[in-house]
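Colleague: To be precise about what I am sending: the file is called my_file.cif and holds mmCIF, C-alpha atoms.
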```
data_protein
loop_
_atom_site.label_atom_id
_atom_site.label_comp_id
_atom_site.auth_asym_id
_atom_site.auth_seq_id
_atom_site.Cartn_x
_atom_site.Cartn_y
_atom_site.Cartn_z
CA MET R 1 3.52 21.11 -14.34
CA SER R 2 6.22 19.87 -16.72
CA VAL R 3 9.84 20.74 -16.03
CA PRO R 4 12.03 21.87 -18.97
CA GLN R 5 14.74 19.27 -19.47
CA GLU R 6 17.74 21.57 -19.52
CA ARG R 7 20.46 22.65 -17.12
CA LYS R 8 20.24 26.34 -16.27
CA LEU R 9 22.22 28.36 -13.75
CA VAL R 10 20.83 31.80 -12.86
CA THR R 11 22.71 32.22 -9.56
CA GLN R 12 25.73 30.70 -7.91
CA ILE R 13 25.12 27.29 -6.30
CA PRO R 14 23.66 27.53 -3.72
CA GLY R 15 21.73 30.69 -4.50
CA PRO R 16 20.53 33.37 -2.05
CA LYS R 17 17.10 31.84 -1.42
CA SER R 18 18.65 28.44 -0.77
CA GLU R 19 21.17 30.04 1.59
CA GLU R 20 18.32 31.76 3.46
CA LEU R 21 16.50 28.44 3.79
CA HIS R 22 19.67 26.75 4.94
CA THR R 23 20.03 29.33 7.70
CA ARG R 24 16.52 28.40 8.82
CA THR R 25 17.43 24.71 8.58
CA LYS R 26 20.41 25.11 10.90
CA ALA R 27 18.17 26.89 13.43
CA ALA R 28 15.34 24.35 13.26
CA VAL R 29 16.72 20.94 12.24
CA SER R 30 19.05 18.73 14.25
CA ALA R 31 22.69 19.13 13.28
CA GLY R 32 22.80 15.34 13.10
CA VAL R 33 20.81 15.46 9.85
CA GLY R 34 23.48 16.09 7.25
CA VAL R 35 22.93 17.91 3.96
CA GLY R 36 25.25 17.13 1.07
CA LEU R 37 24.22 19.98 -1.23
CA PRO R 38 22.20 22.81 0.42
CA VAL R 39 20.16 23.61 -2.67
CA TYR R 40 16.46 23.68 -1.85
CA ILE R 41 14.20 22.11 -4.47
CA GLU R 42 10.74 23.36 -5.33
CA ARG R 43 9.98 21.36 -8.50
CA ALA R 44 11.43 18.35 -10.28
CA GLY R 45 10.74 16.05 -13.19
CA GLY R 46 12.58 13.76 -15.58
CA GLY R 47 16.29 14.38 -15.02
CA ILE R 48 16.02 17.95 -13.71
CA LEU R 49 15.72 19.47 -10.22
CA VAL R 50 14.56 23.11 -10.01
CA ASP R 51 15.63 25.02 -6.91
CA VAL R 52 14.02 27.99 -5.18
CA ASP R 53 16.39 30.37 -6.99
CA GLY R 54 15.32 29.10 -10.42
CA ASN R 55 18.45 27.05 -11.08
CA GLN R 56 17.87 23.81 -12.97
CA LEU R 57 20.21 21.03 -11.95
CA ILE R 58 20.93 17.73 -13.71
CA ASP R 59 19.99 14.95 -11.31
CA LEU R 60 22.50 12.09 -11.24
CA GLY R 61 21.38 10.95 -7.80
CA SER R 62 17.61 10.28 -7.91
CA GLY R 63 17.37 10.99 -4.18
CA ILE R 64 19.74 8.00 -3.70
CA ALA R 65 18.09 5.68 -6.25
CA VAL R 66 14.51 6.53 -5.27
CA THR R 67 13.00 8.49 -8.17
CA SER R 68 13.88 5.93 -10.82
CA VAL R 69 10.71 6.76 -12.78
CA GLY R 70 11.44 10.47 -12.42
CA ASN R 71 9.98 12.95 -9.98
CA ALA R 72 6.22 13.42 -10.12
CA ALA R 73 5.88 10.65 -12.71
CA PRO R 74 2.37 10.93 -14.21
CA LYS R 75 1.15 7.43 -13.29
CA VAL R 76 2.53 7.77 -9.77
CA VAL R 77 0.83 11.13 -9.29
CA GLU R 78 -2.44 9.96 -10.83
CA ARG R 79 -2.75 6.89 -8.64
CA ALA R 80 -1.58 8.64 -5.48
CA GLN R 81 -3.98 11.55 -5.97
CA ALA R 82 -6.91 9.22 -6.52
CA GLN R 83 -6.04 7.34 -3.35
CA LEU R 84 -5.67 10.57 -1.36
CA GLU R 85 -9.25 11.43 -2.27
CA ASP R 86 -10.50 8.03 -1.11
CA PHE R 87 -8.66 7.70 2.22
CA THR R 88 -5.15 8.27 3.54
CA HIS R 89 -4.88 5.67 6.31
CA THR R 90 -6.70 2.98 8.23
CA CYS R 91 -3.75 0.73 9.26
CA PHE R 92 -3.71 -2.58 7.41
CA MET R 93 -3.57 -4.46 10.71
CA VAL R 94 -6.86 -2.89 11.81
CA THR R 95 -9.03 -2.57 8.70
CA PRO R 96 -7.13 -3.72 5.59
CA TYR R 97 -7.44 -2.49 2.01
CA GLU R 98 -6.89 -3.78 -1.50
CA GLU R 99 -3.92 -1.54 -2.38
CA TYR R 100 -1.66 -3.38 0.08
CA VAL R 101 -2.77 -6.74 -1.30
CA ALA R 102 -2.19 -5.59 -4.89
CA VAL R 103 1.38 -4.52 -4.13
CA ALA R 104 2.06 -7.82 -2.37
CA GLU R 105 0.69 -9.77 -5.34
CA THR R 106 2.83 -7.72 -7.73
CA LEU R 107 6.01 -8.27 -5.72
CA ASN R 108 5.32 -11.98 -5.39
CA GLU R 109 5.12 -12.14 -9.18
CA LEU R 110 8.07 -9.84 -10.02
CA THR R 111 10.76 -11.02 -7.61
CA PRO R 112 13.11 -13.86 -8.63
CA GLY R 113 11.90 -17.45 -8.45
CA THR R 114 8.71 -19.30 -9.32
CA HIS R 115 8.09 -20.69 -5.83
CA GLU R 116 5.09 -19.65 -3.74
CA LYS R 117 5.78 -16.33 -2.02
CA ARG R 118 4.41 -13.96 0.59
CA THR R 119 5.10 -10.25 1.16
CA ALA R 120 4.95 -7.89 4.13
CA LEU R 121 5.11 -4.12 3.67
CA PHE R 122 6.98 -1.54 5.74
CA ASN R 123 8.19 2.07 5.52
CA SER R 124 11.94 2.09 4.87
CA GLY R 125 14.79 -0.07 3.70
CA ALA R 126 16.21 -0.38 7.20
CA GLU R 127 12.82 -1.49 8.50
CA ALA R 128 12.56 -4.10 5.76
CA VAL R 129 16.03 -5.46 6.54
CA GLU R 130 15.32 -5.60 10.25
CA ASN R 131 12.11 -7.52 9.64
CA ALA R 132 13.85 -9.90 7.24
CA VAL R 133 16.23 -10.76 10.08
CA LYS R 134 13.29 -11.30 12.42
CA ILE R 135 11.62 -13.58 9.89
CA ALA R 136 14.80 -15.62 9.30
CA ARG R 137 15.35 -16.09 13.01
CA SER R 138 11.75 -17.11 13.56
CA ALA R 139 11.83 -19.62 10.69
CA THR R 140 15.17 -21.24 11.56
CA LYS R 141 15.11 -20.99 15.37
CA ARG R 142 18.72 -19.77 15.08
CA ASP R 143 20.29 -16.46 16.13
CA ALA R 144 23.42 -15.65 14.14
CA ILE R 145 23.32 -13.26 11.18
CA VAL R 146 26.26 -13.14 8.76
CA VAL R 147 27.03 -9.91 6.88
CA PHE R 148 30.00 -8.56 4.92
CA ASP R 149 32.73 -5.97 4.90
CA HIS R 150 31.67 -2.69 3.19
CA ALA R 151 27.97 -3.46 3.78
CA TYR R 152 25.29 -0.85 4.39
CA HIS R 153 21.90 -1.98 5.67
CA GLY R 154 20.46 0.98 7.60
CA ARG R 155 20.55 3.21 10.68
CA THR R 156 18.36 1.46 13.28
CA ASN R 157 20.18 -0.23 16.15
CA LEU R 158 20.10 -3.66 14.51
CA THR R 159 20.88 -2.38 11.02
CA MET R 160 23.77 -0.29 12.36
CA ALA R 161 25.19 -3.55 13.66
CA LEU R 162 24.73 -5.02 10.18
CA THR R 163 26.35 -1.98 8.53
CA ALA R 164 30.15 -1.98 8.22
CA LYS R 165 31.01 1.72 8.05
CA ASN R 166 31.65 3.54 11.31
CA MET R 167 31.53 7.20 10.28
CA PRO R 168 28.95 8.66 9.99
CA TYR R 169 26.59 5.73 10.55
CA LYS R 170 27.73 4.07 13.78
CA LYS R 171 30.07 6.40 15.67
CA GLY R 172 28.81 7.12 19.17
CA PHE R 173 25.60 5.09 18.85
CA GLY R 174 26.58 1.76 20.45
CA PRO R 175 26.26 -0.72 21.96
CA PHE R 176 24.78 -2.55 19.01
CA ALA R 177 22.66 -5.66 18.62
CA GLY R 178 24.50 -8.92 19.08
CA GLU R 179 24.88 -12.17 17.14
CA VAL R 180 26.05 -10.34 14.01
CA TYR R 181 29.20 -11.68 12.33
CA ARG R 182 31.11 -9.85 9.60
CA MET R 183 32.86 -11.76 6.83
CA PRO R 184 35.29 -10.76 4.05
CA MET R 185 33.69 -9.35 0.91
CA ALA R 186 34.78 -10.37 -2.58
CA TYR R 187 35.98 -6.90 -3.65
CA PRO R 188 37.76 -7.46 -6.97
CA TYR R 189 39.60 -4.13 -7.16
CA ARG R 190 41.11 -4.57 -3.70
CA TRP R 191 41.47 -8.36 -3.63
CA SER R 192 44.99 -9.25 -2.56
CA GLY R 193 45.04 -12.69 -4.18
CA ASP R 194 45.00 -14.01 -7.73
CA ALA R 195 42.39 -12.24 -9.86
CA GLU R 196 41.80 -15.42 -11.86
CA THR R 197 40.72 -17.41 -8.79
CA ILE R 198 38.96 -14.71 -6.79
CA THR R 199 35.53 -16.37 -6.90
CA GLU R 200 36.79 -19.65 -5.44
CA ASP R 201 39.26 -18.02 -3.07
CA ALA R 202 36.73 -15.55 -1.69
CA PHE R 203 34.12 -18.26 -1.28
CA THR R 204 36.59 -20.48 0.59
CA ALA R 205 37.59 -17.56 2.83
CA PHE R 206 33.93 -16.95 3.60
CA THR R 207 33.01 -20.56 4.42
CA ASN R 208 36.15 -21.08 6.51
CA ALA R 209 35.46 -17.94 8.52
CA VAL R 210 31.82 -18.83 9.17
CA HIS R 211 32.76 -22.36 10.21
CA ALA R 212 35.46 -21.14 12.59
CA GLN R 213 33.72 -18.10 14.08
CA VAL R 214 30.07 -19.09 14.17
CA GLY R 215 29.33 -22.65 13.11
CA GLU R 216 26.95 -23.24 10.21
CA GLU R 217 24.29 -24.76 12.48
CA HIS R 218 23.96 -21.47 14.38
CA VAL R 219 23.45 -19.21 11.35
CA ALA R 220 19.90 -18.01 10.72
CA ALA R 221 20.70 -15.92 7.63
CA VAL R 222 23.36 -14.56 5.34
CA LEU R 223 22.48 -11.01 4.35
CA ILE R 224 24.08 -9.37 1.33
CA GLU R 225 23.62 -6.58 -1.18
CA PRO R 226 24.07 -8.18 -4.64
CA ILE R 227 25.92 -4.97 -5.55
CA GLN R 228 27.03 -3.09 -2.47
CA GLY R 229 25.72 0.47 -2.34
CA GLU R 230 27.24 2.80 0.25
CA GLY R 231 30.28 0.52 0.31
CA GLY R 232 31.16 1.84 -3.14
CA PHE R 233 29.05 -0.01 -5.74
CA ILE R 234 31.18 -3.11 -5.30
CA VAL R 235 30.23 -5.80 -7.83
CA PRO R 236 31.34 -9.25 -6.65
CA PRO R 237 33.04 -11.57 -9.15
CA LYS R 238 30.82 -13.67 -11.36
CA GLY R 239 29.60 -16.83 -9.68
CA TRP R 240 30.39 -15.79 -6.11
CA LEU R 241 26.85 -14.74 -5.19
CA GLY R 242 25.46 -18.03 -6.49
CA ARG R 243 28.03 -20.01 -4.52
CA ILE R 244 26.95 -18.25 -1.33
CA ALA R 245 23.27 -18.90 -2.06
CA ASP R 246 23.87 -22.59 -2.76
CA TRP R 247 25.93 -22.95 0.42
CA CYS R 248 23.11 -21.36 2.44
CA ARG R 249 20.58 -23.87 1.14
CA GLU R 250 22.96 -26.74 1.85
CA HIS R 251 23.10 -25.68 5.50
CA GLY R 252 19.48 -24.63 6.03
CA ILE R 253 20.43 -20.95 6.18
CA VAL R 254 18.14 -18.21 4.85
CA PHE R 255 19.77 -16.27 1.99
CA ILE R 256 18.59 -12.64 2.15
CA ALA R 257 19.25 -10.31 -0.77
CA ASP R 258 19.16 -6.66 0.26
CA GLU R 259 17.94 -5.07 -2.98
CA VAL R 260 16.87 -1.80 -1.39
CA GLN R 261 19.17 0.15 -3.73
CA THR R 262 19.59 -2.32 -6.60
CA GLY R 263 15.94 -3.24 -7.10
CA PHE R 264 13.32 -2.08 -9.60
CA CYS R 265 15.24 -1.92 -12.88
CA ARG R 266 18.15 0.06 -11.44
CA THR R 267 20.82 -2.44 -12.56
CA GLY R 268 19.31 -3.32 -15.94
CA ASP R 269 17.20 -6.18 -14.56
CA TRP R 270 14.18 -5.93 -12.30
CA PHE R 271 16.46 -7.16 -9.51
CA ALA R 272 20.25 -7.43 -9.43
CA CYS R 273 20.15 -11.11 -8.42
CA GLU R 274 18.68 -11.94 -11.82
CA ALA R 275 21.92 -11.15 -13.65
CA GLU R 276 23.34 -14.46 -12.41
CA GLY R 277 20.12 -16.39 -11.96
CA VAL R 278 20.34 -16.23 -8.16
CA VAL R 279 17.05 -16.80 -6.35
CA PRO R 280 17.06 -15.47 -2.77
CA ASP R 281 14.93 -16.94 0.01
CA LEU R 282 14.01 -13.42 1.12
CA ILE R 283 14.46 -10.14 -0.73
CA THR R 284 14.19 -6.67 0.78
CA THR R 285 13.10 -3.73 -1.36
CA ALA R 286 12.41 -0.02 -0.90
CA LYS R 287 13.82 3.15 -2.57
CA GLY R 288 12.69 2.83 -6.23
CA ILE R 289 9.49 0.97 -5.43
CA ALA R 290 7.05 3.90 -5.11
CA GLY R 291 8.36 6.86 -7.09
CA GLY R 292 9.42 8.80 -4.00
CA LEU R 293 6.80 7.82 -1.43
CA PRO R 294 7.95 5.83 1.62
CA LEU R 295 7.36 2.12 1.12
CA ALA R 296 9.42 -1.02 1.65
CA ALA R 297 8.87 -4.76 1.52
CA VAL R 298 10.12 -8.17 2.45
CA THR R 299 9.18 -10.81 -0.10
CA GLY R 300 10.11 -14.45 0.15
CA ARG R 301 9.36 -18.14 0.29
CA ALA R 302 5.90 -18.72 1.69
CA GLU R 303 7.03 -21.27 4.26
CA ILE R 304 9.64 -18.83 5.65
CA MET R 305 7.40 -15.76 5.60
CA ASP R 306 4.52 -17.68 7.21
CA ALA R 307 6.73 -19.03 10.02
CA VAL R 308 6.16 -15.84 12.03
CA HIS R 309 3.26 -15.88 14.49
CA ALA R 310 0.22 -13.70 13.73
CA GLY R 311 0.89 -10.15 14.87
CA GLY R 312 4.66 -10.60 14.81
CA LEU R 313 5.06 -8.38 11.73
CA GLY R 314 3.56 -5.02 10.95
CA GLY R 315 3.58 -1.37 11.98
CA THR R 316 1.16 1.52 12.07
CA TYR R 317 2.15 3.02 8.72
CA GLY R 318 3.53 -0.06 6.94
CA GLY R 319 1.99 -0.35 3.50
CA ASN R 320 0.28 3.05 3.62
CA PRO R 321 -2.48 3.09 0.97
CA VAL R 322 -1.19 6.22 -0.79
CA ALA R 323 2.34 4.79 -0.98
CA CYS R 324 0.90 1.49 -2.26
CA ALA R 325 -1.03 3.31 -4.98
CA ALA R 326 2.14 5.16 -5.96
CA ALA R 327 4.05 1.87 -6.13
CA LEU R 328 1.51 0.40 -8.53
CA GLY R 329 1.91 3.49 -10.74
CA SER R 330 5.70 3.31 -10.51
CA ILE R 331 5.80 -0.38 -11.46
CA GLU R 332 3.37 0.24 -14.33
CA THR R 333 5.71 2.96 -15.62
CA MET R 334 8.73 0.65 -15.40
CA LYS R 335 6.94 -1.99 -17.44
CA ASP R 336 5.42 0.35 -20.04
CA GLU R 337 8.64 2.30 -20.65
CA ASP R 338 11.06 -0.67 -20.38
CA LEU R 339 13.12 1.10 -17.75
CA ALA R 340 15.33 -1.97 -17.29
CA GLY R 341 16.34 -1.55 -20.92
CA LYS R 342 16.92 2.16 -20.38
CA ALA R 343 19.17 1.35 -17.42
CA ARG R 344 21.31 -0.84 -19.68
CA ARG R 345 21.58 2.01 -22.18
CA ILE R 346 22.63 4.38 -19.38
CA GLU R 347 25.40 1.96 -18.43
CA GLN R 348 26.64 1.91 -22.02
CA ILE R 349 26.84 5.72 -22.13
CA PHE R 350 28.54 5.97 -18.74
CA ARG R 351 31.11 3.27 -19.46
CA GLU R 352 32.18 4.82 -22.75
CA ARG R 353 32.51 8.30 -21.28
CA LEU R 354 34.14 7.21 -18.01
CA GLU R 355 36.72 5.07 -19.83
CA THR R 356 37.78 8.16 -21.80
CA MET R 357 38.05 10.15 -18.57
CA ALA R 358 40.10 7.40 -16.93
CA GLU R 359 42.64 7.53 -19.76
CA LYS R 360 42.75 11.32 -19.70
CA HIS R 361 42.98 12.03 -15.97
CA GLY R 362 44.80 9.00 -14.53
CA VAL R 363 43.05 9.07 -11.14
CA ILE R 364 40.22 6.62 -11.83
CA GLY R 365 41.33 3.30 -10.43
CA GLU R 366 38.22 1.40 -11.47
CA ILE R 367 34.95 1.94 -13.29
CA ARG R 368 32.29 -0.39 -11.97
CA GLY R 369 28.60 -0.97 -11.46
CA ARG R 370 25.73 -2.22 -13.53
CA GLY R 371 22.90 -0.50 -15.34
CA ALA R 372 22.13 2.97 -13.97
CA MET R 373 24.17 2.22 -10.85
CA MET R 374 27.68 3.25 -11.89
CA ALA R 375 30.72 4.45 -9.97
CA VAL R 376 34.38 5.36 -10.21
CA GLU R 377 36.95 4.70 -7.50
CA ILE R 378 39.41 7.59 -7.28
CA VAL R 379 43.01 6.84 -6.30
CA THR R 380 46.52 8.27 -6.37
CA PRO R 381 47.78 7.61 -9.94
CA GLY R 382 49.69 4.38 -10.33
CA THR R 383 48.48 3.02 -6.98
CA THR R 384 45.30 1.78 -5.28
CA GLN R 385 45.67 4.39 -2.53
CA PRO R 386 42.25 6.00 -1.96
CA ASP R 387 42.06 9.75 -2.63
CA ALA R 388 39.08 10.97 -0.63
CA ASP R 389 40.15 14.62 -0.83
CA LEU R 390 40.14 14.63 -4.63
CA THR R 391 36.78 12.83 -4.60
CA LYS R 392 35.31 15.63 -2.49
CA LYS R 393 36.80 18.28 -4.79
CA VAL R 394 35.37 16.69 -7.94
CA ASN R 395 31.99 16.23 -6.27
CA ALA R 396 31.91 19.87 -5.17
CA ALA R 397 32.95 21.07 -8.63
CA CYS R 398 30.04 19.18 -10.17
CA HIS R 399 27.67 20.73 -7.66
CA ARG R 400 28.85 24.25 -8.43
CA GLN R 401 28.03 23.66 -12.09
CA GLY R 402 24.55 22.35 -11.41
CA VAL R 403 25.08 18.58 -11.55
CA VAL R 404 23.98 16.52 -8.54
CA THR R 405 26.50 13.77 -7.85
CA LEU R 406 27.05 11.59 -4.77
CA THR R 407 30.05 10.14 -2.97
CA ALA R 408 30.31 6.72 -1.35
CA GLY R 409 32.78 4.02 -0.37
CA THR R 410 34.33 2.72 2.82
CA TYR R 411 37.32 4.98 2.14
CA GLY R 412 35.30 7.97 0.91
CA ASN R 413 36.88 7.82 -2.55
CA VAL R 414 34.01 6.70 -4.77
CA LEU R 415 31.81 8.90 -6.94
CA ARG R 416 28.50 7.14 -7.59
CA PHE R 417 25.91 7.89 -10.25
CA LEU R 418 22.22 7.00 -9.92
CA PRO R 419 20.34 8.99 -12.57
CA PRO R 420 16.60 8.63 -13.03
CA LEU R 421 15.98 5.88 -15.55
CA VAL R 422 13.86 8.29 -17.60
CA ILE R 423 16.61 10.90 -18.00
CA GLY R 424 17.32 12.09 -21.53
CA GLU R 425 20.60 11.09 -23.13
CA ASP R 426 21.42 14.72 -23.84
CA LEU R 427 21.32 15.48 -20.13
CA LEU R 428 23.47 12.45 -19.38
CA HIS R 429 26.13 13.62 -21.81
CA GLU R 430 25.98 17.18 -20.49
CA GLY R 431 26.33 15.93 -16.92
CA LEU R 432 29.31 13.82 -17.95
CA ASP R 433 30.85 16.83 -19.71
CA VAL R 434 30.64 18.69 -16.40
CA LEU R 435 32.21 15.72 -14.62
CA ASP R 436 35.07 15.65 -17.11
CA THR R 437 35.74 19.35 -16.53
CA ALA R 438 35.47 18.85 -12.77
CA PHE R 439 38.27 16.27 -12.89
CA ALA R 440 40.46 18.58 -14.95
CA GLU R 441 39.88 21.57 -12.64
CA SER R 442 40.39 19.55 -9.44
CA LEU R 443 43.72 17.96 -10.33
#
```
In structure tokens, what does this structure look like?

Modeller:
Amino acid sequence: MSVPQERKLVTQIPGPKSEELHTRTKAAVSAGVGVGLPVYIERAGGGILVDVDGNQLIDLGSGIAVTSVGNAAPKVVERAQAQLEDFTHTCFMVTPYEEYVAVAETLNELTPGTHEKRTALFNSGAEAVENAVKIARSATKRDAIVVFDHAYHGRTNLTMALTAKNMPYKKGFGPFAGEVYRMPMAYPYRWSGDAETITEDAFTAFTNAVHAQVGEEHVAAVLIEPIQGEGGFIVPPKGWLGRIADWCREHGIVFIADEVQTGFCRTGDWFACEAEGVVPDLITTAKGIAGGLPLAAVTGRAEIMDAVHAGGLGGTYGGNPVACAAALGSIETMKDEDLAGKARRIEQIFRERLETMAEKHGVIGEIRGRGAMMAVEIVTPGTTQPDADLTKKVNAACHRQGVVTLTAGTYGNVLRFLPPLVIGEDLLHEGLDVLDTAFAESL
């Protein structure tokens, strides 16, 4: 069933049926599972979410960068339905199937680099990251993993150790996995040194810290998001990512790009690393890969991926055949509709509109991001002091008017925008109109 591509409010947000469902949620679901906007969705498509009260909301979140091809995208639905009729599960480690192999072949072809590759499939981004660490340690016979300030890599015990932010991701859940070392991130907006030399200065700070704290010969992998997600859509300065990758190869260290959020056309390229010609040794993917079904992957150099003993990788549900079928439909949609190009167009629209808002309201410290992964950092005017309270107010004002927005950032002062890549430009402009009004009303 197609969803009309228009915002429509027929009740307050949330409406009475959503409130009734939320009462049931609080009685049945662990309080540890947070809900940002308690509006319960019954249908969705394109750039619109339809809730149980009949409200139609503009989706600028895509389920946190998952439904890049839109909800219920025709090719995703068609392939998934056909697979459901054939079989739903056998476990690839028991009796394998072609769908898993086809996804692996596709990822080996799509991901950066022309070297021989292998892929292993999993269920979630955190699971992919954790397995990438396992693979790197197995291949190098080293233990140490280097990560960065402001990083987010997941919620398992190991990935909590890799993640930088305490609340809500780590508080009360320790002790965490060891041999994880955190290094300074090249964060241009908050870099205390010379802006002209940030790439070189940040690289030197990184290499000096690794040498002093760990020793290059002990490092199995450096793990980084090419554009940090939960940390606030931090885009490192040009050239820095490549310097890190080159340094890793010089020292026999596996360079892992966590592209769980940035992958699959989200940033205007198939993968964010491509913007600077960086070729990772291993790349982790999830979120946008399968149009909303749970699937994740680690793809990388054949000699690294094949270093793990037989049976060392896997999982009961990893590479589920229905999710694999959906991924093939999602990737086909991205190719056929040039969604990387559409992401670049979305960036153009956002930048123009956000720059006008920055001049008008005076609280936007920086506009940043790439493609359909855009953000604003909100600060006290004339300073770089984070204003998390205002960020919450603007976010809530957008929600009340039927626009789904998300917050992020180590300091809680970033509004991030992750619209479906298929969203209509009219909806984008309408959503940005609401955002503009939300700033004016919240100040």

Colleague: Between CA of Phe92 (chain R) and CA of Gly292 (chain R), what distance in Å does the model show, to one decimal?

Modeller: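 Value for the CA of Phe92 (chain R)-CA of Gly292 (chain R) distance: 20.8 Å.
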
Colleague: Take the PyMOL selection byres ((chain R and resi 357) around 10), apply it to the structure above, and return the hits as a ChimeraX atom specification.

Modeller: /R:351-356,358-364,432-433,435-437,439-440

Colleague: CA of His150 (chain R) and CA of Glu179 (chain R), how far apart in Å?

Modeller: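 Calculated distance between CA of Glu179 (chain R) and CA of His150 (chain R) is 18.2 Å.
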
Colleague: Let me make sure I understand: among R:Asn413, R:Glu217, R:Phe350, R:Leu421, which one has the smallest atom-to-atom distance to Glu250 (chain R) if we use only C-alpha atoms?

Modeller: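 The closest residue to Glu250 (chain R) is R:Glu217.
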
Colleague: Name the closest residue to Gly70 (chain R) among the candidates R:Lys392, R:Arg43, R:His89, R:Lys17; distances are taken between atoms, counting all atoms listed in the file.

Modeller: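 That would be R:Arg43, the residue with the smallest distance to Gly70 (chain R).
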
Colleague: Decode the PyMOL selection byres ((chain R and resi 219) around 7) for the given file into explicit residues and return them as a list of chain:residue names.

Modeller: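 For this structure, the PyMOL selection byres ((chain R and resi 219) around 7) captures R:Arg142, R:Asp143, R:Ala144, R:Ile145, R:Glu216, R:Glu217, R:His218, R:Ala220, R:Ala221, R:Ile253.
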
Colleague: Within 9 Å of Val279 (chain R), counting all atoms listed in the file, which residues qualify if same-chain residues fewer than 2 places away don't, as a PyMOL selection string?

Modeller: chain R and resi 111-113+242+245+255+257+273-274+277+281-282

Colleague: Residues within 7 Å of region 327-337 of chain R, please, as a list in words. Count only C-alpha atoms; anything in the same chain fewer than 6 positions from it doesn't count.

Modeller: Val69, Lys75, Val76, Arg79, Val103, Ile289, Ala290 and Gly291 of chain R

Colleague: Write out the residues from the selection above, keeping C-alpha atoms, as a compact mmCIF listing (two decimals), keeping the file's coordinate frame.

Modeller:
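The resulting part-v5.txt:
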```
# COMPACT_ATOMS: atom_id res chain seq x y z
CA VAL R 69 10.71 6.76 -12.78
CA LYS R 75 1.15 7.43 -13.29
CA VAL R 76 2.53 7.77 -9.77
CA ARG R 79 -2.75 6.89 -8.64
CA VAL R 103 1.38 -4.52 -4.13
CA ILE R 289 9.49 0.97 -5.43
CA ALA R 290 7.05 3.90 -5.11
CA GLY R 291 8.36 6.86 -7.09
```

Colleague: Would you please work out which residue, of R:Gly314, R:Gly288, R:Gly268, R:Gly252, is nearest to Leu339 (chain R) when using only C-alpha atoms?

Modeller: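 That would be R:Gly268, the residue with the smallest distance to Leu339 (chain R).
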
Colleague: Kindly provide the residues of region 39-142 of chain R that approach region 163-167 of chain R to within 12 Å, each paired with its closest atom pair and their distance in Å to one decimal, based on only C-alpha atoms, listed by chain and increasing number, as a tab-separated table.

Modeller:
```
residue	atom	partner	partner_atom	distance
R:Ala126	CA	R:Thr163	CA	10.4
R:Val129	CA	R:Thr163	CA	11.1
R:Glu130	CA	R:Thr163	CA	11.7
```

Colleague: Set the distance at 12 Å and use all atoms listed in the file: which residues neighbour Gly312 (chain R) once local chain neighbours fewer than 3 positions away are removed? I'd like the list as a ChimeraX atom specification.

Modeller: /R:93,120,131-132,134-135,138,305-309,315

Colleague: Place a sphere of radius 12 Å on (-0.8, -5.6, -1.9) in the file coordinates and name every protein, DNA or RNA residue with an atom inside or on its surface, counting all atoms listed in the file; give the answer as a count of residues only.

Modeller: 35

Colleague: Might you pull out every residue within 8 Å of Thr405 (chain R), with only C-alpha atoms counted and same-chain residues fewer than 5 positions away left off, and present them as a ChimeraX atom specification?

Modeller: /R:59-61,395,398-399,415-417

Colleague: What is the CA of Gly32 (chain R) to CA of Pro168 (chain R) distance in Å?

Modeller: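 Distance reported for this atom pair: 9.6 Å.
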
Colleague: Report as a ChimeraX atom specification all protein, DNA and RNA residues lying within 6 Å of Phe148 (chain R), evaluated on all atoms listed in the file, omitting residues in the same chain fewer than 2 positions from it.

Modeller: /R:151,182-185

Colleague: Of the residues R:Arg368, R:Arg249, R:His211, R:Lys117, which is the one nearest to Tyr187 (chain R), using only C-alpha atoms?

Modeller: R:Arg368

Colleague: Restricting the calculation to only C-alpha atoms: of R:Gln401, R:Thr204, R:Thr380, R:Gln83, which residue gets closest to Ile13 (chain R)?

Modeller: R:Gln401

Colleague: Name the closest residue to Pro237 (chain R) among the candidates R:Lys287, R:Phe206, R:Thr267, R:Ala195; distances are taken between atoms, counting all atoms listed in the file.

Modeller: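 Smallest separation from Pro237 (chain R) among the options: R:Ala195.
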